[in-house]
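Undergrad: Structure below; questions to follow.
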Amino acid sequence: MTDIGWGHLSDQEGYGTLGDLASDHKTISKNDLHSYPHYKHAAHGMIFARSNRLLWDLYKTRAMVMMQMRFDGVLGFPGGLIDAGENPVEGLNREMAEEIGLDLSTTKFDDSHHLVTYVHDGKKLVLHFYVMEVTTDIFSSLEHKCLAAEEYGIETLGSIRVPLYTMGDGIRGFPAFLANQFAGNSQDELIRGLLAAKILTTQEIKTAVEASQKLLGSK
């Protein structure tokens, strides 16, 4: 396949790249933002709904958590770069409307949903991450709206639910999901979101991460 390069997207080539280490993204408080006046900002959000459903009468689904297949073939959360004149939550809501069809007249992120802010000095990028709980009805409705969203088929290639159970072999389910390719630090965002929402415990996540690393090492 011919390499046509990045063209007019060249200034965004470094964003969302594969192989980013957690150590590349340091966490900061909002009080530290003034230290990065010339950095680009982006915001992403995790939308979830708790669920008591049993899959095949065996596995607790725990919750429905929305991620998406991105235009670049890797997994990430809805969201994107903040436009000039926007604050992070305004930019996030705009991106949510564009990418997943979020109806901002009834459901939107606010500052109380902020979980963590990261800085990647190498990319001169500040990343804001938000977590919002919705009802199962709203979540299911959003999955349908994704197909009619403005950016469907362009920036996003479809929403997916994160499997939050581990099957009998100790691999399939959440560990296998973690072995996928994630954009930037979105895997770390997922783990932080699951812990903050008390969907999975620290030990459950540790076990799943270790199993996913063994799976990756066997390939």
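Please note that chains go A, B, ... in the order of the structure tokens, that every chain numbers its residues from 1, and that ligands are numbered from 1 in the order shown.
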If you run DSSP over the backbone, which residues in range 9-135 of chain A end up strand (DSSP E or B)? Put them as a VMD selection string.
TA: chain A and resid 26 to 28 40 to 50 54 to 55 59 to 60 63 to 70 75 to 76 79 to 81 114 to 120 125 to 133
Undergrad: Under the rule that only C-alpha atoms are counted, which of A:Gly168, A:Gly45, A:Gly76, A:Gly122 is the nearest residue to Phe109 in chain A?
TA: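 Going through A:Gly168, A:Gly45, A:Gly76, A:Gly122 one by one, the smallest distance to Phe109 in chain A is for A:Gly45.
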Undergrad: For Gly85 in chain A, which of A:Ala97, A:Ser29, A:His41, A:Arg172 is the closest residue, counting only C-alpha atoms?
TA: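 For Gly85 in chain A, the nearest of the candidates is A:His41.
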Undergrad: Could you please write out, as an MDAnalysis selection string, every residue of range 170-219 of chain A that DSSP assigns to alpha helix (DSSP H)?
TA: chainID A and resid 174:178 186:196 202:217
Undergrad: Mind writing the picked residues with C-alpha atoms as an mmCIF file, in the first residue's frame?
TA:
```
data_model
loop_
_atom_site.group_PDB
_atom_site.id
_atom_site.type_symbol
_atom_site.label_atom_id
_atom_site.label_comp_id
_atom_site.auth_asym_id
_atom_site.auth_seq_id
_atom_site.Cartn_x
_atom_site.Cartn_y
_atom_site.Cartn_z
ATOM 1 C CA PHE A 174 -11.553 -8.328 30.232
ATOM 2 C CA PRO A 175 -7.934 -9.619 30.083
ATOM 3 C CA ALA A 176 -8.228 -10.290 26.339
ATOM 4 C CA PHE A 177 -9.775 -6.863 25.837
ATOM 5 C CA LEU A 178 -6.788 -5.248 27.581
ATOM 6 C CA SER A 186 -6.704 5.458 27.047
ATOM 7 C CA GLN A 187 -6.047 2.090 28.682
ATOM 8 C CA ASP A 188 -4.839 3.900 31.796
ATOM 9 C CA GLU A 189 -7.921 6.136 31.608
ATOM 10 C CA LEU A 190 -10.129 3.037 31.459
ATOM 11 C CA ILE A 191 -8.494 1.506 34.518
ATOM 12 C CA ARG A 192 -8.728 4.753 36.483
ATOM 13 C CA GLY A 193 -12.370 5.143 35.479
ATOM 14 C CA LEU A 194 -13.288 1.615 36.555
ATOM 15 C CA LEU A 195 -11.608 2.122 39.918
ATOM 16 C CA ALA A 196 -13.136 5.555 40.530
ATOM 17 C CA THR A 202 -7.831 -2.995 42.412
ATOM 18 C CA GLN A 203 -7.121 -6.723 42.731
ATOM 19 C CA GLU A 204 -9.512 -7.642 39.909
ATOM 20 C CA ILE A 205 -7.828 -5.164 37.604
ATOM 21 C CA LYS A 206 -4.326 -6.265 38.650
ATOM 22 C CA THR A 207 -5.189 -9.900 37.880
ATOM 23 C CA ALA A 208 -6.668 -8.964 34.492
ATOM 24 C CA VAL A 209 -3.674 -6.815 33.546
ATOM 25 C CA GLU A 210 -1.236 -9.598 34.451
ATOM 26 C CA ALA A 211 -3.237 -12.100 32.393
ATOM 27 C CA SER A 212 -3.313 -9.722 29.399
ATOM 28 C CA GLN A 213 0.455 -9.259 29.600
ATOM 29 C CA LYS A 214 0.956 -13.029 29.553
ATOM 30 C CA LEU A 215 -1.304 -13.220 26.504
ATOM 31 C CA LEU A 216 0.687 -10.525 24.710
ATOM 32 C CA GLY A 217 3.938 -12.257 25.622
#
```
Undergrad: Within 12 Å of Thr156 in chain A, counting only C-alpha atoms, which residues qualify if same-chain residues fewer than 5 places away don't, as an MDAnalysis selection string?
TA: chainID A and resid 67:80 95:96 98:101 146:151
Undergrad: May I have the residues from that selection written out with N, CA and C atoms, as a PDB file, in the first residue's frame?
TA:
```
ATOM      1  N   MET A  67     -16.570   2.492  24.886  1.00  0.00           N
ATOM      2  CA  MET A  67     -15.381   2.934  24.185  1.00  0.00           C
ATOM      3  C   MET A  67     -15.707   2.901  22.696  1.00  0.00           C
ATOM      4  N   GLN A  68     -14.730   3.174  21.855  1.00  0.00           N
ATOM      5  CA  GLN A  68     -15.021   3.178  20.426  1.00  0.00           C
ATOM      6  C   GLN A  68     -13.809   2.737  19.619  1.00  0.00           C
ATOM      7  N   MET A  69     -14.108   2.218  18.424  1.00  0.00           N
ATOM      8  CA  MET A  69     -13.062   1.969  17.449  1.00  0.00           C
ATOM      9  C   MET A  69     -12.817   3.286  16.725  1.00  0.00           C
ATOM     10  N   ARG A  70     -11.584   3.754  16.786  1.00  0.00           N
ATOM     11  CA  ARG A  70     -11.249   5.038  16.194  1.00  0.00           C
ATOM     12  C   ARG A  70     -10.903   4.901  14.714  1.00  0.00           C
ATOM     13  N   PHE A  71     -10.793   6.017  14.056  1.00  0.00           N
ATOM     14  CA  PHE A  71     -10.432   6.083  12.649  1.00  0.00           C
ATOM     15  C   PHE A  71      -9.080   5.446  12.356  1.00  0.00           C
ATOM     16  N   ASP A  72      -8.194   5.393  13.368  1.00  0.00           N
ATOM     17  CA  ASP A  72      -6.845   4.872  13.148  1.00  0.00           C
ATOM     18  C   ASP A  72      -6.706   3.404  13.524  1.00  0.00           C
ATOM     19  N   GLY A  73      -7.832   2.737  13.789  1.00  0.00           N
ATOM     20  CA  GLY A  73      -7.806   1.297  14.023  1.00  0.00           C
ATOM     21  C   GLY A  73      -7.480   0.880  15.434  1.00  0.00           C
ATOM     22  N   VAL A  74      -7.477   1.819  16.379  1.00  0.00           N
ATOM     23  CA  VAL A  74      -7.212   1.477  17.768  1.00  0.00           C
ATOM     24  C   VAL A  74      -8.379   1.921  18.646  1.00  0.00           C
ATOM     25  N   LEU A  75      -8.383   1.449  19.879  1.00  0.00           N
ATOM     26  CA  LEU A  75      -9.482   1.727  20.792  1.00  0.00           C
ATOM     27  C   LEU A  75      -9.222   3.003  21.593  1.00  0.00           C
ATOM     28  N   GLY A  76     -10.290   3.735  21.874  1.00  0.00           N
ATOM     29  CA  GLY A  76     -10.171   4.936  22.683  1.00  0.00           C
ATOM     30  C   GLY A  76     -11.527   5.365  23.191  1.00  0.00           C
ATOM     31  N   PHE A  77     -11.548   6.471  23.910  1.00  0.00           N
ATOM     32  CA  PHE A  77     -12.795   7.034  24.414  1.00  0.00           C
ATOM     33  C   PHE A  77     -13.241   8.172  23.501  1.00  0.00           C
ATOM     34  N   PRO A  78     -14.544   8.409  23.428  1.00  0.00           N
ATOM     35  CA  PRO A  78     -15.029   9.563  22.661  1.00  0.00           C
ATOM     36  C   PRO A  78     -14.427  10.854  23.209  1.00  0.00           C
ATOM     37  N   GLY A  79     -14.193  11.787  22.328  1.00  0.00           N
ATOM     38  CA  GLY A  79     -13.607  13.064  22.726  1.00  0.00           C
ATOM     39  C   GLY A  79     -12.621  13.518  21.681  1.00  0.00           C
ATOM     40  N   GLY A  80     -11.842  14.544  22.005  1.00  0.00           N
ATOM     41  CA  GLY A  80     -10.868  15.026  21.039  1.00  0.00           C
ATOM     42  C   GLY A  80     -10.249  16.334  21.454  1.00  0.00           C
ATOM     43  N   GLU A  95     -17.503  17.422  21.273  1.00  0.00           N
ATOM     44  CA  GLU A  95     -17.009  16.190  20.657  1.00  0.00           C
ATOM     45  C   GLU A  95     -17.970  15.028  20.879  1.00  0.00           C
ATOM     46  N   MET A  96     -18.577  14.955  22.060  1.00  0.00           N
ATOM     47  CA  MET A  96     -19.532  13.883  22.343  1.00  0.00           C
ATOM     48  C   MET A  96     -20.749  13.974  21.429  1.00  0.00           C
ATOM     49  N   GLU A  98     -20.764  15.280  18.441  1.00  0.00           N
ATOM     50  CA  GLU A  98     -20.322  14.960  17.084  1.00  0.00           C
ATOM     51  C   GLU A  98     -20.043  13.477  16.897  1.00  0.00           C
ATOM     52  N   GLU A  99     -19.450  12.834  17.909  1.00  0.00           N
ATOM     53  CA  GLU A  99     -18.970  11.462  17.736  1.00  0.00           C
ATOM     54  C   GLU A  99     -19.985  10.396  18.123  1.00  0.00           C
ATOM     55  N   ILE A 100     -20.795  10.653  19.146  1.00  0.00           N
ATOM     56  CA  ILE A 100     -21.736   9.615  19.580  1.00  0.00           C
ATOM     57  C   ILE A 100     -23.175  10.103  19.627  1.00  0.00           C
ATOM     58  N   GLY A 101     -23.433  11.345  19.200  1.00  0.00           N
ATOM     59  CA  GLY A 101     -24.802  11.847  19.162  1.00  0.00           C
ATOM     60  C   GLY A 101     -25.378  12.174  20.520  1.00  0.00           C
ATOM     61  N   CYS A 146     -25.126   6.529  18.050  1.00  0.00           N
ATOM     62  CA  CYS A 146     -23.773   6.565  17.484  1.00  0.00           C
ATOM     63  C   CYS A 146     -23.803   6.383  15.967  1.00  0.00           C
ATOM     64  N   LEU A 147     -24.709   5.558  15.495  1.00  0.00           N
ATOM     65  CA  LEU A 147     -24.772   5.254  14.065  1.00  0.00           C
ATOM     66  C   LEU A 147     -25.199   6.458  13.233  1.00  0.00           C
ATOM     67  N   ALA A 148     -25.899   7.396  13.857  1.00  0.00           N
ATOM     68  CA  ALA A 148     -26.359   8.585  13.145  1.00  0.00           C
ATOM     69  C   ALA A 148     -25.545   9.829  13.493  1.00  0.00           C
ATOM     70  N   ALA A 149     -24.499   9.663  14.293  1.00  0.00           N
ATOM     71  CA  ALA A 149     -23.694  10.807  14.720  1.00  0.00           C
ATOM     72  C   ALA A 149     -22.935  11.399  13.538  1.00  0.00           C
ATOM     73  N   GLU A 150     -22.649  12.665  13.636  1.00  0.00           N
ATOM     74  CA  GLU A 150     -21.988  13.411  12.562  1.00  0.00           C
ATOM     75  C   GLU A 150     -20.656  12.798  12.152  1.00  0.00           C
ATOM     76  N   GLU A 151     -19.888  12.308  13.126  1.00  0.00           N
ATOM     77  CA  GLU A 151     -18.551  11.798  12.838  1.00  0.00           C
ATOM     78  C   GLU A 151     -18.489  10.285  12.665  1.00  0.00           C
TER      79      GLU A 151
END
```
Undergrad: Report as a PyMOL selection string all protein, DNA and RNA residues lying within 8 Å of His113 in chain A, evaluated on only C-alpha atoms, omitting residues in the same chain fewer than 6 positions from it.
TA: chain A and resi 130-132
Undergrad: Record the distance separating CA of Ile160 in chain A and CA of Ala49 in chain A, expressed in Å with one decimal.
TA: 13.5 Å
Undergrad: One decimal, in Å: what's the spacing between CA of Phe48 in chain A and CA of Asn185 in chain A?
TA: 18.7 Å
Undergrad: Quick one: of A:Val119, A:Met66, A:Ile199, A:Ala84, who's nearest to Tyr165 in chain A, counting only C-alpha atoms?
TA: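 Closest to Tyr165 in chain A, using only C-alpha atoms: A:Ile199.
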